[in-house]
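Inspection log for the structure reproduced underneath, given as structure tokens.
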Amino acid sequence: MDNLTNYIKSHFEDSINTKKAILENVTLIELIKEVAIKVTDAYKNGNKTILAGNGGSAADAQHIAGEFVSRFYFDRPGIPSIAITTDTSILTAIGNDYGYDKLFSRQVEAQGVKGDIFIGISTSGNSANVIEALKVCKEKGILSVGLTGESGGKMAEFCDYCIKVPSKSTPRIQESHIVIGHIICAIVEESIFGKGF
């Protein structure tokens, strides 16, 4: 087998091993379950999810919000979810007037209400703008969920729930974040519009 083939296979193996590590971690599986129940309850109470992240994590935030608002496994009414990574006028206004660190906190301050759920995504757990948003969540009574890598970074101390993917590799962490996001979407959709569990 040539080097390039081995290189490709090693990426798949690393990705599988990261997901196996999650699968075998009972505490982590229970945490994902608990977060999914909290998100479901928030929706049943008429609230919404707000998601944020930088770079690939911004794409994940938009991806997950899209699954809620549009559909996941089956047709049903849209579920309210906002990715606060998308509005260039708001992002550039806040960045220009207050600085990049306030990019998400100002939006949570403006858009979030008590009972909403904020999902902050950061592979390092140290994204300053996500941490600032988590601080606003505490002030406003917004439940906060962090999706991070294995250390949790600084975010761990500010999140109500911190789901730490057991890896130090950014690609492996991001791949697992989207799987976790998909699982939460599926549980919410089935709990509210399907047969339930």
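Just so we're on the same page: first chain in the structure tokens is A, next is B, and so on; residues restart at 1 for each chain, and ligands are numbered from 1 in the order they show up.
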
### Query
Using only C-alpha atoms, which residues sit within 8 Å of stretch 49-65 of chain A once same-chain residues fewer than 2 positions away are excluded, as a ChimeraX atom specification?
/A:39,47,67-69,80-86,104,108,112,116-123,127,130,174,177-178,181-182,185

Can those selected residues be exported to a file as an mmCIF file, in the first residue's frame so that it contains N, CA and C atoms?
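Final file, again-v6.cif:
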data_model
loop_
_atom_site.group_PDB
_atom_site.id
_atom_site.type_symbol
_atom_site.label_atom_id
_atom_site.label_comp_id
_atom_site.auth_asym_id
_atom_site.auth_seq_id
_atom_site.Cartn_x
_atom_site.Cartn_y
_atom_site.Cartn_z
ATOM 1 N N VAL A 39 -32.601 21.043 25.850
ATOM 2 C CA VAL A 39 -32.948 21.744 24.613
ATOM 3 C C VAL A 39 -34.410 21.455 24.240
ATOM 4 N N ASN A 47 -39.089 28.618 23.812
ATOM 5 C CA ASN A 47 -37.810 29.311 23.693
ATOM 6 C C ASN A 47 -37.049 28.877 22.440
ATOM 7 N N GLU A 67 -30.533 22.706 10.726
ATOM 8 C CA GLU A 67 -31.269 21.456 10.971
ATOM 9 C C GLU A 67 -32.518 21.711 11.808
ATOM 10 N N PHE A 68 -32.401 22.603 12.806
ATOM 11 C CA PHE A 68 -33.563 22.924 13.636
ATOM 12 C C PHE A 68 -34.633 23.681 12.838
ATOM 13 N N VAL A 69 -34.221 24.709 12.127
ATOM 14 C CA VAL A 69 -35.179 25.589 11.456
ATOM 15 C C VAL A 69 -35.841 24.901 10.261
ATOM 16 N N PRO A 80 -37.301 27.249 16.322
ATOM 17 C CA PRO A 80 -36.527 28.495 16.325
ATOM 18 C C PRO A 80 -35.080 28.329 16.797
ATOM 19 N N SER A 81 -34.165 28.720 15.921
ATOM 20 C CA SER A 81 -32.742 28.621 16.218
ATOM 21 C C SER A 81 -32.007 29.695 15.423
ATOM 22 N N ILE A 82 -31.052 30.367 16.070
ATOM 23 C CA ILE A 82 -30.306 31.444 15.428
ATOM 24 C C ILE A 82 -28.811 31.166 15.537
ATOM 25 N N ALA A 83 -28.127 31.191 14.408
ATOM 26 C CA ALA A 83 -26.660 31.176 14.417
ATOM 27 C C ALA A 83 -26.219 32.634 14.324
ATOM 28 N N ILE A 84 -25.599 33.145 15.371
ATOM 29 C CA ILE A 84 -25.246 34.572 15.408
ATOM 30 C C ILE A 84 -23.874 34.823 14.781
ATOM 31 N N THR A 85 -23.599 34.047 13.742
ATOM 32 C CA THR A 85 -22.327 34.113 13.020
ATOM 33 C C THR A 85 -22.529 34.596 11.589
ATOM 34 N N THR A 86 -23.743 34.997 11.237
ATOM 35 C CA THR A 86 -24.096 35.108 9.819
ATOM 36 C C THR A 86 -24.361 36.520 9.297
ATOM 37 N N PHE A 104 -20.234 38.153 19.891
ATOM 38 C CA PHE A 104 -21.381 37.305 20.226
ATOM 39 C C PHE A 104 -22.124 37.790 21.471
ATOM 40 N N VAL A 108 -26.158 38.120 22.000
ATOM 41 C CA VAL A 108 -26.899 37.392 23.039
ATOM 42 C C VAL A 108 -27.661 38.384 23.915
ATOM 43 N N GLY A 112 -31.217 37.236 23.150
ATOM 44 C CA GLY A 112 -31.485 36.161 24.104
ATOM 45 C C GLY A 112 -32.429 36.573 25.218
ATOM 46 N N ASP A 116 -33.929 30.617 27.005
ATOM 47 C CA ASP A 116 -33.242 30.209 25.781
ATOM 48 C C ASP A 116 -32.034 29.349 26.136
ATOM 49 N N ILE A 117 -31.469 28.714 25.123
ATOM 50 C CA ILE A 117 -30.238 27.943 25.310
ATOM 51 C C ILE A 117 -29.196 28.438 24.317
ATOM 52 N N PHE A 118 -28.027 28.775 24.848
ATOM 53 C CA PHE A 118 -26.894 29.196 24.020
ATOM 54 C C PHE A 118 -25.936 28.022 23.887
ATOM 55 N N ILE A 119 -25.539 27.737 22.646
ATOM 56 C CA ILE A 119 -24.563 26.688 22.379
ATOM 57 C C ILE A 119 -23.321 27.342 21.790
ATOM 58 N N GLY A 120 -22.247 27.364 22.573
ATOM 59 C CA GLY A 120 -20.980 27.942 22.137
ATOM 60 C C GLY A 120 -20.032 26.836 21.711
ATOM 61 N N ILE A 121 -19.476 26.977 20.520
ATOM 62 C CA ILE A 121 -18.640 25.923 19.946
ATOM 63 C C ILE A 121 -17.212 26.441 19.779
ATOM 64 N N SER A 122 -16.261 25.724 20.362
ATOM 65 C CA SER A 122 -14.850 26.113 20.273
ATOM 66 C C SER A 122 -13.993 24.887 20.508
ATOM 67 N N THR A 123 -13.168 24.535 19.537
ATOM 68 C CA THR A 123 -12.342 23.332 19.703
ATOM 69 C C THR A 123 -11.366 23.486 20.865
ATOM 70 N N SER A 127 -12.002 30.480 23.033
ATOM 71 C CA SER A 127 -12.403 31.589 22.159
ATOM 72 C C SER A 127 -12.984 32.718 23.005
ATOM 73 N N VAL A 130 -16.655 33.770 22.481
ATOM 74 C CA VAL A 130 -17.627 32.799 22.987
ATOM 75 C C VAL A 130 -17.705 32.914 24.514
ATOM 76 N N GLN A 174 -13.961 18.770 15.605
ATOM 77 C CA GLN A 174 -15.034 19.345 14.796
ATOM 78 C C GLN A 174 -15.950 18.274 14.223
ATOM 79 N N HIS A 177 -18.164 17.235 16.996
ATOM 80 C CA HIS A 177 -19.152 18.267 17.333
ATOM 81 C C HIS A 177 -20.382 18.167 16.441
ATOM 82 N N ILE A 178 -20.167 17.943 15.158
ATOM 83 C CA ILE A 178 -21.328 17.901 14.264
ATOM 84 C C ILE A 178 -22.144 16.626 14.493
ATOM 85 N N GLY A 181 -24.155 17.468 17.514
ATOM 86 C CA GLY A 181 -25.230 18.373 17.095
ATOM 87 C C GLY A 181 -26.346 17.631 16.397
ATOM 88 N N HIS A 182 -26.005 16.712 15.525
ATOM 89 C CA HIS A 182 -27.011 15.915 14.822
ATOM 90 C C HIS A 182 -27.830 15.071 15.800
ATOM 91 N N CYS A 185 -30.282 17.329 17.582
ATOM 92 C CA CYS A 185 -31.376 17.660 16.650
ATOM 93 C C CYS A 185 -32.355 16.496 16.507
#

Sorted per-residue table, stretch 116-158 of chain A near stretch 29-35 of chain A, closest atoms and distance, 10 Å, only C-alpha atoms, as JSON lines:
{"residue": "A:Ile117", "atom": "CA", "partner": "A:Val35", "partner_atom": "CA", "distance": 9.8}
{"residue": "A:Leu143", "atom": "CA", "partner": "A:Val35", "partner_atom": "CA", "distance": 9.9}
{"residue": "A:Ser144", "atom": "CA", "partner": "A:Val35", "partner_atom": "CA", "distance": 9.6}
{"residue": "A:Val145", "atom": "CA", "partner": "A:Val35", "partner_atom": "CA", "distance": 7.6}

Suppose we keep N, CA and C atoms; can you now write the selection as a PDB file, in the first residue's frame?
ATOM      1  N   ILE A 117     -31.469  28.714  25.123  1.00  0.00           N
ATOM      2  CA  ILE A 117     -30.238  27.943  25.310  1.00  0.00           C
ATOM      3  C   ILE A 117     -29.196  28.438  24.317  1.00  0.00           C
ATOM      4  N   LEU A 143     -29.489  29.287  29.672  1.00  0.00           N
ATOM      5  CA  LEU A 143     -28.721  28.059  29.875  1.00  0.00           C
ATOM      6  C   LEU A 143     -27.639  27.967  28.807  1.00  0.00           C
ATOM      7  N   SER A 144     -26.429  27.624  29.202  1.00  0.00           N
ATOM      8  CA  SER A 144     -25.326  27.590  28.236  1.00  0.00           C
ATOM      9  C   SER A 144     -24.715  26.202  28.117  1.00  0.00           C
ATOM     10  N   VAL A 145     -24.410  25.859  26.866  1.00  0.00           N
ATOM     11  CA  VAL A 145     -23.793  24.577  26.541  1.00  0.00           C
ATOM     12  C   VAL A 145     -22.521  24.873  25.758  1.00  0.00           C
TER      13      VAL A 145
END

### Task
Check the smallest atom-to-atom distance from each of A:Ala156, A:Ala42, A:Ile163, A:Leu103 to A:Asn129 using only C-alpha atoms, then report the winner.
A:Leu103

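Within chain A, residues classed as strand (DSSP E) by DSSP on backbone coordinates are Thr49, Ile50, Leu51, Ala52, Gly53, Ser81, Ile82, Ala83, Ile117, Phe118, Ile119, Gly120, Ile121, Leu143, Ser144, Val145, Gly146, Leu147, Thr148, Tyr161, Cys162, Ile163 and Lys164 of chain A.
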
#### Entry: Option closest in space to A:Pro166, from A:Val113, A:Ile90, A:Ile192, A:Leu147 [counting only C-alpha atoms]
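Once distances to A:Pro166 are computed over only C-alpha atoms, the minimum belongs to A:Leu147.
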
### Task
Could you please write out, as a VMD selection string, every residue of stretch 1-196 of chain A that DSSP assigns to alpha helix (DSSP H)?
chain A and resid 3 to 23 26 to 44 56 to 69 88 to 97 105 to 111 128 to 140 170 to 193

### Task
Quote the spacing between atom CA of A:Val165 and atom CA of A:Thr148 in Å to one decimal place.
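It comes out at 6.2 Å.
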
Would you list the contacts of stretch 7-13 of chain A as a compact mmCIF listing (two decimals) with N, CA and C atoms, in the first residue's frame, taking every protein, DNA or RNA residue within 12 Å and counting only C-alpha atoms, but skipping same-chain residues closer than 4 positions in sequence?
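Result went into out_1.txt, see below:
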# COMPACT_ATOMS: atom_id res chain seq x y z
N MET A 1 0.84 -1.19 0.00
CA MET A 1 0.00 0.00 0.00
C MET A 1 0.89 1.25 0.00
N ASP A 2 0.52 2.25 -0.82
CA ASP A 2 1.38 3.42 -0.90
C ASP A 2 1.13 4.38 0.26
N ASN A 3 2.03 5.35 0.41
CA ASN A 3 1.98 6.29 1.54
C ASN A 3 0.71 7.11 1.57
N ASN A 17 -11.71 6.34 15.97
CA ASN A 17 -11.23 6.15 17.34
C ASN A 17 -11.74 7.24 18.28
N THR A 18 -11.83 8.47 17.77
CA THR A 18 -12.38 9.56 18.59
C THR A 18 -13.84 9.29 18.93
N LYS A 19 -14.59 8.86 17.95
CA LYS A 19 -16.02 8.58 18.18
C LYS A 19 -16.19 7.35 19.09
N LYS A 20 -15.30 6.38 18.96
CA LYS A 20 -15.33 5.22 19.87
C LYS A 20 -15.07 5.65 21.31
N SER A 169 -7.04 17.03 18.56
CA SER A 169 -6.96 17.31 17.12
C SER A 169 -8.18 18.11 16.67
N PRO A 171 -9.51 18.83 13.67
CA PRO A 171 -10.45 18.16 12.76
C PRO A 171 -11.29 17.08 13.44
N ARG A 172 -10.67 16.28 14.31
CA ARG A 172 -11.41 15.22 14.99
C ARG A 172 -12.46 15.80 15.93
N GLU A 175 -15.37 17.17 13.77
CA GLU A 175 -16.19 16.07 13.24
C GLU A 175 -17.13 15.53 14.31

#### Entry: Gap from atom CA of A:Gly146 to atom CA of A:Gln107 - Å, one decimal
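Computing the Euclidean distance for atom CA of A:Gly146 and atom CA of A:Gln107 yields 17.2 Å.
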
### Residue among A:Lys38, A:Arg106, A:Lys154, A:Lys168 lying closest to A:Ser15, counting only C-alpha atoms
A:Lys168

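Picture a line from atom CA of A:Gly78 to atom CA of A:Gly66; it runs 9.6 Å.
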